[in-house]
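**Student:** Dumping the structure here so I can ask a few things about it.
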Amino acid sequence: MNTTETAMSMARWRERLGGRDSPDRFRHYTLSSITLFALFEAGLWAFWVAMVDAGPAWLALVAALVAAHVILQALLNRAALCHYLGAAPCPRRLVALYTAVTVTVVALGCVLLATGRIEDREATPYLLWMLMYYAGPPVLALPRRTGAVLVTAVTLATIGAATASGLTGYLLVLVGGGGLLLVPLVAVAFRFSGWSVRHVEELAAARETEARLAVAEERLRFGRDLHDVLGRNLAVVALKSELAAQLARRGREEAVDEMVEVQRIAQESQREIRAVVRGYRTADLHTELVGARSVLEAAGIACRIENGPAGRLPTDVQSALGWVVREGTTNVLRHASGASRCEVSVRATGSGSVVLVMENDGAGAEPSAAGAGLPGLRERLADLDGTLSTEQRPDGAFRLTARIPGEAPA
């Protein structure tokens with residue numbers, strides 16, 4: 001067998017064992033372990049039948065009933081686990097049949113003990129094993145309280161039947177004490193197995209949901225960043241292209257300079273888009289303030305900037321406020337066709353917050369209704385517990401205010 005065939009064979013076996021690391025695989029292993037529990041019961045009963053001399057007919061009856069018990073346990077294990085995980089209805093009929101067979105086997109053992117066909121030391125493992133192997137599936141299949149009551153009733157009835165059949169002394173204590181110890185232990189183990197599978201599957205589902213949310217969030221981030229990157233640059237390109245066209249019509253040489261600037265902005269936009277795709281781009285507040293002044297003054301809008309503590313702010317705060325300046329500049333160019341002035345100030349307040357205020361005149365429709373720019377800024381500022389507010393006055397003045405709480409520099 002060559003390497004490829006070996007790998008394919010291993011892959012097939014891995015799929016048979018439950019696939020790659022996944023909740024399905026954990027469920028498969030858990031079901032295999034509780035099914036193996038039933039096979040252990042079959043092995044113990046085969047040993048008991050081989051070691052006891054109770055007569056061929058009685059041993060055949062015991063073997064037949066025990067075989068039915070093992071088969072029902074294996075079937076109930078699967079049905080109980082599926083029900084516990086919410087993938088199947090409650091197997092009440094199967095639980096009733098399984099309990100009836102268990103009680104029949106216990107009754108048969110007590111009859112054999114009372115008639116002297118088996119000795120006390122042979123009846124002790126007989127009854128103890130039956131209690132131990134019975135306890136798990138009903139607790140997993142039924143509601144917790146119902147399963148506990150049913151298993152407790154069968155356990156106490158078995159201990160009472162053993163006492164009535166003549167089991168005495170330390171062997172009775174062994175059956176009673178062992179039953180009261182092993183039965184809850186097995187029941188809890190089965191219940192815990194189902195609980196583990198369910199929580200692993202819930203965790204896997206939560207991870208899938210988290211992955212889908214992460215993809216959705218990344219798409220929103222990409223769309224927001226793309227809007228912020230291209231918004232101002234395209235507005236500047238449109239402005240300078242229009243200016244270059246007017247200059248060209250007049251035969252002015254400055255048209256060439258304007259088109260060179262358009263080319264530069266286009267190349268810069270390409271670089272920024274590539275950076276956005278990689279997810280590494282951040283806005284620098286100082287750079288954005290200088291760029292805003294340059295662009296606004298090129299559009300004939302007087303720009304006054306007070307940067308105050310801007311250079312001493314944390315990087316994340318500078319980045320968030322840089323996006324505010326960029327979007328605010330874009331809005332001035334797009335929505336304030338009659339603007340003649342724009343003032344930008346960054347200052348620290350007495351409460352320790354940092355406030356950026358951007359105000360211009362000549363505003364038209366409120367920018368918040370024009371696109372996704374301001375909602376995108378609110379999302380960015382929300383990551384720093386910041387807020388964004390807008391105010392439009394009747395005289396055409398528009399004010400954009402961003403506030404970020406924190407330890408502002410003096």
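Chain labels A, B, ... are given in the sequence in which chains occur in the structure tokens; within each chain residues are numbered consecutively from 1, and ligands are likewise numbered from 1 in the order shown.
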Mind listing the alpha helix (DSSP H) residues of range 168-359 of chain A, per DSSP on the backbone, as a PyMOL selection string?

**Tutor:** chain A and resi 169-249+254-278+285-298+315-335

**Student:** Figure out the distance between CA of Val262 in chain A and CA of Leu289 in chain A, please, to one decimal in Å.

**Tutor:**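 It comes out at 19.6 Å.
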
**Student:** Which neighbours of Pro143 in chain A fall inside 10 Å, counting only C-alpha atoms, when residues of the same chain fewer than 4 positions from it are skipped, and could you give them as number ranges by chain?

**Tutor:** A: 84, 90, 138-139, 147-148

**Student:** Excluding range 185-201 of chain A and its own-chain neighbours fewer than 5 positions away, which residues fall within 7 Å of it when counting only C-alpha atoms? Please give them as a short mmCIF file (atom, residue, chain, number, x, y, z; two decimals) with all heavy atoms, in the first residue's frame.

**Tutor:**
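In the end it all went to part_8.cif:
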```cif
data_model
loop_
_atom_site.label_atom_id
_atom_site.label_comp_id
_atom_site.auth_asym_id
_atom_site.auth_seq_id
_atom_site.Cartn_x
_atom_site.Cartn_y
_atom_site.Cartn_z
N PRO A 23 -18.07 18.56 17.24
CA PRO A 23 -19.08 18.05 18.17
C PRO A 23 -19.61 16.68 17.76
O PRO A 23 -19.94 15.87 18.64
CB PRO A 23 -20.18 19.12 18.07
CG PRO A 23 -19.49 20.34 17.64
CD PRO A 23 -18.38 19.88 16.72
N PHE A 26 -17.30 14.13 19.19
CA PHE A 26 -17.46 13.99 20.64
C PHE A 26 -18.75 13.24 20.96
O PHE A 26 -18.78 12.40 21.86
CB PHE A 26 -17.47 15.37 21.29
CG PHE A 26 -17.48 15.32 22.79
CD1 PHE A 26 -16.38 14.90 23.50
CD2 PHE A 26 -18.62 15.68 23.50
CE1 PHE A 26 -16.39 14.85 24.89
CE2 PHE A 26 -18.65 15.64 24.88
CZ PHE A 26 -17.52 15.22 25.57
N ARG A 27 -19.82 13.53 20.21
CA ARG A 27 -21.07 12.81 20.42
C ARG A 27 -20.88 11.33 20.11
O ARG A 27 -21.38 10.47 20.84
CB ARG A 27 -22.17 13.39 19.53
CG ARG A 27 -23.48 12.65 19.68
CD ARG A 27 -24.48 13.04 18.62
NE ARG A 27 -25.02 14.37 18.81
CZ ARG A 27 -26.13 14.80 18.25
NH1 ARG A 27 -26.82 13.99 17.45
NH2 ARG A 27 -26.57 16.03 18.46
N THR A 30 -18.96 9.67 22.93
CA THR A 30 -19.79 9.52 24.12
C THR A 30 -20.78 8.37 23.95
O THR A 30 -20.96 7.54 24.86
CB THR A 30 -20.55 10.82 24.40
OG1 THR A 30 -19.60 11.89 24.57
CG2 THR A 30 -21.39 10.69 25.66
N LEU A 81 -29.76 9.68 24.64
CA LEU A 81 -28.81 10.75 24.32
C LEU A 81 -29.39 11.68 23.26
O LEU A 81 -29.27 12.91 23.37
CB LEU A 81 -27.49 10.15 23.86
CG LEU A 81 -26.37 11.17 23.55
CD1 LEU A 81 -26.04 11.98 24.80
CD2 LEU A 81 -25.13 10.46 23.03
N TYR A 84 -31.97 13.84 24.95
CA TYR A 84 -31.35 14.83 25.83
C TYR A 84 -30.78 16.00 25.03
O TYR A 84 -30.78 17.14 25.49
CB TYR A 84 -30.24 14.16 26.65
CG TYR A 84 -29.66 15.04 27.72
CD1 TYR A 84 -30.29 15.16 28.96
CD2 TYR A 84 -28.49 15.76 27.50
CE1 TYR A 84 -29.76 15.96 29.95
CE2 TYR A 84 -27.96 16.57 28.49
CZ TYR A 84 -28.59 16.67 29.71
OH TYR A 84 -28.08 17.48 30.69
N LEU A 85 -30.30 15.71 23.81
CA LEU A 85 -29.74 16.75 22.96
C LEU A 85 -30.80 17.46 22.13
O LEU A 85 -30.48 18.33 21.31
CB LEU A 85 -28.67 16.15 22.04
CG LEU A 85 -27.47 15.51 22.75
CD1 LEU A 85 -26.54 14.88 21.73
CD2 LEU A 85 -26.74 16.54 23.59
N MET A 132 -26.82 -1.50 39.08
CA MET A 132 -25.79 -0.59 38.55
C MET A 132 -26.01 -0.32 37.06
O MET A 132 -25.95 0.83 36.62
CB MET A 132 -24.41 -1.19 38.79
CG MET A 132 -23.26 -0.31 38.30
SD MET A 132 -21.66 -1.06 38.64
CE MET A 132 -21.71 -2.49 37.55
N ALA A 135 -29.30 1.94 36.12
CA ALA A 135 -29.48 3.30 36.60
C ALA A 135 -29.30 4.38 35.53
O ALA A 135 -30.00 5.40 35.55
CB ALA A 135 -28.53 3.56 37.76
N GLY A 136 -28.36 4.21 34.60
CA GLY A 136 -27.99 5.30 33.71
C GLY A 136 -29.02 5.74 32.69
O GLY A 136 -29.41 6.93 32.66
N VAL A 139 -32.30 7.92 33.68
CA VAL A 139 -31.98 9.27 34.15
C VAL A 139 -31.66 10.20 32.99
O VAL A 139 -31.95 11.39 33.02
CB VAL A 139 -30.80 9.21 35.14
CG1 VAL A 139 -30.33 10.60 35.51
CG2 VAL A 139 -31.22 8.46 36.40
N LEU A 140 -31.05 9.65 31.93
CA LEU A 140 -30.73 10.46 30.75
C LEU A 140 -31.93 10.67 29.86
O LEU A 140 -32.06 11.71 29.21
CB LEU A 140 -29.60 9.76 29.97
CG LEU A 140 -28.95 10.56 28.83
CD1 LEU A 140 -28.33 11.84 29.35
CD2 LEU A 140 -27.90 9.70 28.13
#
```

**Student:** Would you kindly return, as a ChimeraX atom specification, each protein, DNA or RNA residue with an atom no farther than 12 Å from any atom of Cys342 in chain A, considering only C-alpha atoms and excluding same-chain residues fewer than 3 positions away?

**Tutor:** /A:289,292-297,299-306,325,328-329,331-333,336,338-339,345,357-363,397-400

**Student:** Let me see the file: selected residues, N, CA, C and O atoms, as a CSV table (one decimal), in the first residue's frame.

**Tutor:**
```csv
chain,number,residue,atom,x,y,z
A,289,LEU,N,-5.8,67.0,9.9
A,289,LEU,CA,-6.0,68.4,10.0
A,289,LEU,C,-5.3,69.3,9.0
A,289,LEU,O,-5.9,70.2,8.4
A,292,ALA,N,-7.2,68.7,5.7
A,292,ALA,CA,-8.4,69.4,5.7
A,292,ALA,C,-8.2,70.8,5.3
A,292,ALA,O,-8.9,71.4,4.5
A,293,ARG,N,-7.2,71.5,6.0
A,293,ARG,CA,-7.0,72.9,5.7
A,293,ARG,C,-6.6,73.0,4.2
A,293,ARG,O,-7.1,74.0,3.5
A,294,SER,N,-5.7,72.2,3.7
A,294,SER,CA,-5.3,72.3,2.3
A,294,SER,C,-6.5,72.1,1.3
A,294,SER,O,-6.6,72.9,0.4
A,295,VAL,N,-7.3,71.1,1.6
A,295,VAL,CA,-8.4,70.9,0.7
A,295,VAL,C,-9.4,72.0,0.7
A,295,VAL,O,-9.9,72.5,-0.3
A,296,LEU,N,-9.8,72.4,1.9
A,296,LEU,CA,-10.8,73.5,2.1
A,296,LEU,C,-10.4,74.8,1.5
A,296,LEU,O,-11.1,75.5,0.8
A,297,GLU,N,-9.1,75.1,1.7
A,297,GLU,CA,-8.6,76.4,1.2
A,297,GLU,C,-8.5,76.3,-0.3
A,297,GLU,O,-8.8,77.3,-1.0
A,299,ALA,N,-10.7,74.9,-2.1
A,299,ALA,CA,-12.0,75.1,-2.5
A,299,ALA,C,-12.5,76.5,-2.2
A,299,ALA,O,-13.7,76.8,-2.4
A,300,GLY,N,-11.7,77.3,-1.7
A,300,GLY,CA,-12.1,78.7,-1.5
A,300,GLY,C,-12.7,78.9,-0.1
A,300,GLY,O,-13.5,79.9,0.1
A,301,ILE,N,-12.5,78.0,0.8
A,301,ILE,CA,-13.1,78.0,2.1
A,301,ILE,C,-12.0,78.3,3.2
A,301,ILE,O,-11.1,77.6,3.3
A,302,ALA,N,-12.2,79.4,3.8
A,302,ALA,CA,-11.2,79.8,4.9
A,302,ALA,C,-11.2,78.8,6.0
A,302,ALA,O,-12.3,78.5,6.5
A,303,CYS,N,-10.1,78.3,6.4
A,303,CYS,CA,-10.1,77.2,7.4
A,303,CYS,C,-9.2,77.7,8.6
A,303,CYS,O,-8.0,78.0,8.4
A,304,ARG,N,-9.7,77.6,9.8
A,304,ARG,CA,-8.9,77.9,11.0
A,304,ARG,C,-8.9,76.7,11.9
A,304,ARG,O,-10.0,76.1,12.2
A,305,ILE,N,-7.7,76.3,12.3
A,305,ILE,CA,-7.6,75.1,13.1
A,305,ILE,C,-6.9,75.4,14.5
A,305,ILE,O,-5.9,76.1,14.5
A,306,GLU,N,-7.4,74.9,15.5
A,306,GLU,CA,-6.8,75.0,16.9
A,306,GLU,C,-6.6,73.5,17.3
A,306,GLU,O,-7.6,72.9,17.7
A,325,VAL,N,-12.4,64.3,11.4
A,325,VAL,CA,-12.0,65.4,10.6
A,325,VAL,C,-12.1,65.1,9.1
A,325,VAL,O,-12.6,65.9,8.3
A,328,GLY,N,-15.9,65.0,8.3
A,328,GLY,CA,-16.4,66.4,8.3
A,328,GLY,C,-16.0,67.2,7.2
A,328,GLY,O,-16.8,68.0,6.6
A,329,THR,N,-14.7,67.1,6.7
A,329,THR,CA,-14.3,67.8,5.5
A,329,THR,C,-15.0,67.4,4.3
A,329,THR,O,-15.4,68.2,3.5
A,331,ASN,N,-18.0,66.2,4.2
A,331,ASN,CA,-19.4,66.8,4.3
A,331,ASN,C,-19.4,68.3,3.9
A,331,ASN,O,-20.4,68.7,3.3
A,332,VAL,N,-18.4,69.0,4.3
A,332,VAL,CA,-18.4,70.4,4.0
A,332,VAL,C,-18.3,70.6,2.4
A,332,VAL,O,-19.0,71.4,1.8
A,333,LEU,N,-17.5,69.8,1.8
A,333,LEU,CA,-17.3,69.9,0.3
A,333,LEU,C,-18.6,69.4,-0.4
A,333,LEU,O,-18.9,70.0,-1.4
A,336,ALA,N,-22.1,71.7,1.8
A,336,ALA,CA,-22.1,73.1,2.1
A,336,ALA,C,-21.6,73.9,0.9
A,336,ALA,O,-20.5,74.4,0.9
A,338,GLY,N,-22.4,76.7,-0.2
A,338,GLY,CA,-22.2,78.1,0.0
A,338,GLY,C,-21.2,78.4,1.2
A,338,GLY,O,-21.2,79.5,1.7
A,339,ALA,N,-20.4,77.4,1.6
A,339,ALA,CA,-19.5,77.6,2.7
A,339,ALA,C,-18.4,78.6,2.4
A,339,ALA,O,-17.9,78.6,1.3
A,345,SER,N,-11.5,72.7,16.1
A,345,SER,CA,-10.8,72.9,17.3
A,345,SER,C,-10.8,71.6,18.1
A,345,SER,O,-11.7,70.8,18.1
A,357,VAL,N,-14.5,69.9,17.8
A,357,VAL,CA,-15.6,70.6,17.2
A,357,VAL,C,-15.2,71.1,15.8
A,357,VAL,O,-14.2,71.7,15.6
A,358,MET,N,-16.1,70.8,14.9
A,358,MET,CA,-15.9,71.3,13.5
A,358,MET,C,-17.1,72.0,13.0
A,358,MET,O,-18.2,71.4,13.0
A,359,GLU,N,-17.0,73.3,12.7
A,359,GLU,CA,-18.1,74.1,12.4
A,359,GLU,C,-17.9,74.9,11.1
A,359,GLU,O,-16.8,75.4,10.8
A,360,ASN,N,-18.9,74.9,10.2
A,360,ASN,CA,-18.9,75.6,9.0
A,360,ASN,C,-20.2,76.3,8.7
A,360,ASN,O,-21.2,76.0,9.3
A,361,ASP,N,-20.1,77.3,7.8
A,361,ASP,CA,-21.4,77.9,7.4
A,361,ASP,C,-21.8,77.4,6.0
A,361,ASP,O,-21.1,76.5,5.4
A,362,GLY,N,-22.9,77.9,5.5
A,362,GLY,CA,-23.4,77.6,4.2
A,362,GLY,C,-23.9,76.2,4.1
A,362,GLY,O,-23.9,75.6,3.0
A,363,ALA,N,-24.3,75.6,5.2
A,363,ALA,CA,-24.8,74.2,5.1
A,363,ALA,C,-26.1,74.0,4.5
A,363,ALA,O,-27.0,74.9,4.7
A,397,ALA,N,-25.3,77.6,9.7
A,397,ALA,CA,-24.1,77.1,10.3
A,397,ALA,C,-24.4,75.6,10.7
A,397,ALA,O,-25.4,75.3,11.2
A,398,PHE,N,-23.4,74.8,10.6
A,398,PHE,CA,-23.5,73.4,10.9
A,398,PHE,C,-22.3,73.0,11.8
A,398,PHE,O,-21.1,73.4,11.5
A,399,ARG,N,-22.6,72.4,13.0
A,399,ARG,CA,-21.5,72.0,13.9
A,399,ARG,C,-21.5,70.5,14.1
A,399,ARG,O,-22.5,69.9,14.4
A,400,LEU,N,-20.3,70.0,14.1
A,400,LEU,CA,-20.1,68.5,14.3
A,400,LEU,C,-19.2,68.4,15.5
A,400,LEU,O,-18.1,69.0,15.6
```

**Student:** Might you pull out every residue within 10 Å of Ala244 in chain A, with only C-alpha atoms counted and same-chain residues fewer than 6 positions away left off, and present them as a PyMOL selection string?

**Tutor:** chain A and resi 238+250+252-262

**Student:** Please write the residues from the selection above to a file, keeping all heavy atoms, as a short mmCIF file (atom, residue, chain, number, x, y, z; two decimals), in the first residue's frame.

**Tutor:**
```cif
data_model
loop_
_atom_site.label_atom_id
_atom_site.label_comp_id
_atom_site.auth_asym_id
_atom_site.auth_seq_id
_atom_site.Cartn_x
_atom_site.Cartn_y
_atom_site.Cartn_z
N ALA A 238 -13.16 65.51 -7.77
CA ALA A 238 -14.21 66.19 -8.53
C ALA A 238 -14.01 67.70 -8.53
O ALA A 238 -14.15 68.37 -9.57
CB ALA A 238 -15.58 65.84 -7.94
N ARG A 250 -9.82 78.51 -20.19
CA ARG A 250 -9.24 79.86 -20.25
C ARG A 250 -7.81 79.85 -20.77
O ARG A 250 -7.17 80.91 -20.85
CB ARG A 250 -9.27 80.49 -18.86
CG ARG A 250 -10.67 80.63 -18.27
CD ARG A 250 -10.59 81.07 -16.84
NE ARG A 250 -11.92 81.07 -16.20
CZ ARG A 250 -12.11 81.29 -14.90
NH1 ARG A 250 -11.06 81.52 -14.11
NH2 ARG A 250 -13.33 81.27 -14.42
N ARG A 252 -5.24 78.56 -19.24
CA ARG A 252 -4.31 78.77 -18.12
C ARG A 252 -3.44 77.52 -17.91
O ARG A 252 -3.92 76.39 -17.96
CB ARG A 252 -5.08 79.05 -16.83
CG ARG A 252 -6.00 80.28 -16.92
CD ARG A 252 -5.20 81.55 -16.73
NE ARG A 252 -4.65 81.60 -15.40
CZ ARG A 252 -5.30 82.06 -14.34
NH1 ARG A 252 -6.55 82.51 -14.48
NH2 ARG A 252 -4.71 82.12 -13.16
N GLU A 253 -2.16 77.74 -17.65
CA GLU A 253 -1.22 76.63 -17.44
C GLU A 253 -1.45 75.94 -16.10
O GLU A 253 -1.03 74.80 -15.89
CB GLU A 253 0.22 77.14 -17.52
CG GLU A 253 0.60 77.66 -18.89
CD GLU A 253 2.05 78.11 -18.92
OE1 GLU A 253 2.70 78.06 -17.85
OE2 GLU A 253 2.52 78.50 -20.01
N GLU A 254 -2.12 76.63 -15.17
CA GLU A 254 -2.35 76.02 -13.87
C GLU A 254 -3.22 74.76 -13.96
O GLU A 254 -3.27 73.95 -13.02
CB GLU A 254 -3.04 77.02 -12.94
CG GLU A 254 -2.15 78.18 -12.52
CD GLU A 254 -2.21 79.33 -13.51
OE1 GLU A 254 -2.62 79.10 -14.66
OE2 GLU A 254 -1.85 80.47 -13.13
N ALA A 255 -3.91 74.60 -15.10
CA ALA A 255 -4.74 73.40 -15.27
C ALA A 255 -3.91 72.14 -15.17
O ALA A 255 -4.35 71.11 -14.65
CB ALA A 255 -5.48 73.45 -16.60
N VAL A 256 -2.67 72.22 -15.69
CA VAL A 256 -1.78 71.05 -15.63
C VAL A 256 -1.46 70.72 -14.17
O VAL A 256 -1.46 69.55 -13.76
CB VAL A 256 -0.50 71.31 -16.43
CG1 VAL A 256 0.48 70.14 -16.28
CG2 VAL A 256 -0.81 71.56 -17.89
N ASP A 257 -1.19 71.75 -13.39
CA ASP A 257 -0.87 71.50 -11.97
C ASP A 257 -2.05 70.86 -11.25
O ASP A 257 -1.88 69.96 -10.41
CB ASP A 257 -0.51 72.83 -11.30
CG ASP A 257 0.76 73.44 -11.88
OD1 ASP A 257 1.59 72.67 -12.41
OD2 ASP A 257 0.90 74.67 -11.80
N GLU A 258 -3.26 71.33 -11.56
CA GLU A 258 -4.43 70.74 -10.92
C GLU A 258 -4.61 69.28 -11.30
O GLU A 258 -4.94 68.44 -10.46
CB GLU A 258 -5.69 71.53 -11.28
CG GLU A 258 -5.70 72.96 -10.76
CD GLU A 258 -5.68 73.02 -9.25
OE1 GLU A 258 -6.16 72.06 -8.60
OE2 GLU A 258 -5.19 74.03 -8.69
N MET A 259 -4.37 68.94 -12.56
CA MET A 259 -4.50 67.55 -12.98
C MET A 259 -3.40 66.67 -12.40
O MET A 259 -3.62 65.50 -12.10
CB MET A 259 -4.50 67.46 -14.51
CG MET A 259 -5.73 68.05 -15.16
SD MET A 259 -7.26 67.39 -14.46
CE MET A 259 -7.11 65.66 -14.82
N VAL A 260 -2.22 67.25 -12.21
CA VAL A 260 -1.16 66.51 -11.53
C VAL A 260 -1.58 66.20 -10.09
O VAL A 260 -1.34 65.10 -9.56
CB VAL A 260 0.16 67.31 -11.55
CG1 VAL A 260 1.20 66.68 -10.63
CG2 VAL A 260 0.70 67.38 -12.96
N GLU A 261 -2.24 67.21 -9.46
CA GLU A 261 -2.73 66.97 -8.09
C GLU A 261 -3.81 65.90 -8.09
O GLU A 261 -3.89 65.07 -7.17
CB GLU A 261 -3.27 68.29 -7.53
CG GLU A 261 -3.77 68.21 -6.11
CD GLU A 261 -2.67 67.93 -5.10
OE1 GLU A 261 -1.48 68.00 -5.48
OE2 GLU A 261 -3.00 67.61 -3.94
N VAL A 262 -4.70 65.92 -9.10
CA VAL A 262 -5.71 64.87 -9.21
C VAL A 262 -5.05 63.51 -9.32
O VAL A 262 -5.48 62.52 -8.70
CB VAL A 262 -6.62 65.15 -10.42
CG1 VAL A 262 -7.49 63.93 -10.73
CG2 VAL A 262 -7.50 66.37 -10.16
#
```

**Student:** Could you tell me, as a CSV table (one decimal) with N, CA, C and O atoms, in the first residue's frame, which residues of range 246-397 of chain A DSSP assigns to strand (DSSP E or B) when given the backbone?

**Tutor:**
```
chain,number,residue,atom,x,y,z
A,302,ALA,N,-12.2,79.4,3.8
A,302,ALA,CA,-11.2,79.8,4.9
A,302,ALA,C,-11.2,78.8,6.0
A,302,ALA,O,-12.3,78.5,6.5
A,303,CYS,N,-10.1,78.3,6.4
A,303,CYS,CA,-10.1,77.2,7.4
A,303,CYS,C,-9.2,77.7,8.6
A,303,CYS,O,-8.0,78.0,8.4
A,304,ARG,N,-9.7,77.6,9.8
A,304,ARG,CA,-8.9,77.9,11.0
A,304,ARG,C,-8.9,76.7,11.9
A,304,ARG,O,-10.0,76.1,12.2
A,305,ILE,N,-7.7,76.3,12.3
A,305,ILE,CA,-7.6,75.1,13.1
A,305,ILE,C,-6.9,75.4,14.5
A,305,ILE,O,-5.9,76.1,14.5
A,306,GLU,N,-7.4,74.9,15.5
A,306,GLU,CA,-6.8,75.0,16.9
A,306,GLU,C,-6.6,73.5,17.3
A,306,GLU,O,-7.6,72.9,17.7
A,341,ARG,N,-16.3,79.6,5.4
A,341,ARG,CA,-15.4,79.4,6.5
A,341,ARG,C,-15.6,78.0,7.1
A,341,ARG,O,-16.7,77.4,7.0
A,342,CYS,N,-14.6,77.5,7.8
A,342,CYS,CA,-14.7,76.3,8.6
A,342,CYS,C,-13.7,76.4,9.7
A,342,CYS,O,-12.5,76.8,9.5
A,343,GLU,N,-14.1,76.1,10.9
A,343,GLU,CA,-13.3,76.1,12.1
A,343,GLU,C,-13.2,74.7,12.7
A,343,GLU,O,-14.3,74.1,12.9
A,344,VAL,N,-12.0,74.3,13.0
A,344,VAL,CA,-11.8,73.0,13.7
A,344,VAL,C,-11.0,73.3,14.9
A,344,VAL,O,-9.9,73.9,14.9
A,345,SER,N,-11.5,72.7,16.1
A,345,SER,CA,-10.8,72.9,17.3
A,345,SER,C,-10.8,71.6,18.1
A,345,SER,O,-11.7,70.8,18.1
A,346,VAL,N,-9.6,71.3,18.7
A,346,VAL,CA,-9.4,70.1,19.5
A,346,VAL,C,-9.0,70.6,20.9
A,346,VAL,O,-8.0,71.3,21.0
A,347,ARG,N,-9.8,70.3,21.9
A,347,ARG,CA,-9.5,70.8,23.2
A,347,ARG,C,-9.8,69.8,24.3
A,347,ARG,O,-10.6,68.9,24.1
A,348,ALA,N,-9.2,69.9,25.5
A,348,ALA,CA,-9.4,69.1,26.6
A,348,ALA,C,-10.4,69.9,27.5
A,348,ALA,O,-10.3,71.1,27.7
A,354,VAL,N,-11.9,64.7,25.8
A,354,VAL,CA,-11.3,65.3,24.6
A,354,VAL,C,-12.5,65.6,23.7
A,354,VAL,O,-13.3,64.8,23.4
A,355,VAL,N,-12.5,66.9,23.2
A,355,VAL,CA,-13.6,67.3,22.4
A,355,VAL,C,-13.1,67.9,21.1
A,355,VAL,O,-12.2,68.7,21.1
A,356,LEU,N,-13.6,67.4,20.0
A,356,LEU,CA,-13.3,68.0,18.7
A,356,LEU,C,-14.6,68.6,18.1
A,356,LEU,O,-15.6,68.0,18.0
A,357,VAL,N,-14.5,69.9,17.8
A,357,VAL,CA,-15.6,70.6,17.2
A,357,VAL,C,-15.2,71.1,15.8
A,357,VAL,O,-14.2,71.7,15.6
A,358,MET,N,-16.1,70.8,14.9
A,358,MET,CA,-15.9,71.3,13.5
A,358,MET,C,-17.1,72.0,13.0
A,358,MET,O,-18.2,71.4,13.0
A,359,GLU,N,-17.0,73.3,12.7
A,359,GLU,CA,-18.1,74.1,12.4
A,359,GLU,C,-17.9,74.9,11.1
A,359,GLU,O,-16.8,75.4,10.8
A,360,ASN,N,-18.9,74.9,10.2
A,360,ASN,CA,-18.9,75.6,9.0
A,360,ASN,C,-20.2,76.3,8.7
A,360,ASN,O,-21.2,76.0,9.3
A,387,THR,N,-18.9,59.9,21.8
A,387,THR,CA,-20.2,60.3,21.2
A,387,THR,C,-20.0,61.2,20.1
A,387,THR,O,-18.9,61.9,20.0
A,388,LEU,N,-21.0,61.3,19.2
A,388,LEU,CA,-20.9,62.3,18.1
A,388,LEU,C,-22.3,62.9,18.0
A,388,LEU,O,-23.3,62.3,18.1
A,389,SER,N,-22.3,64.3,17.9
A,389,SER,CA,-23.5,65.0,17.9
A,389,SER,C,-23.4,66.0,16.7
A,389,SER,O,-22.3,66.5,16.4
A,390,THR,N,-24.5,66.4,16.2
A,390,THR,CA,-24.6,67.4,15.1
A,390,THR,C,-25.6,68.5,15.5
A,390,THR,O,-26.6,68.2,16.2
A,391,GLU,N,-25.4,69.7,15.0
A,391,GLU,CA,-26.3,70.8,15.2
A,391,GLU,C,-26.3,71.7,14.0
A,391,GLU,O,-25.2,72.1,13.5
A,392,GLN,N,-27.5,71.9,13.5
A,392,GLN,CA,-27.6,72.8,12.4
A,392,GLN,C,-28.5,74.0,12.7
A,392,GLN,O,-29.7,73.8,13.2
```
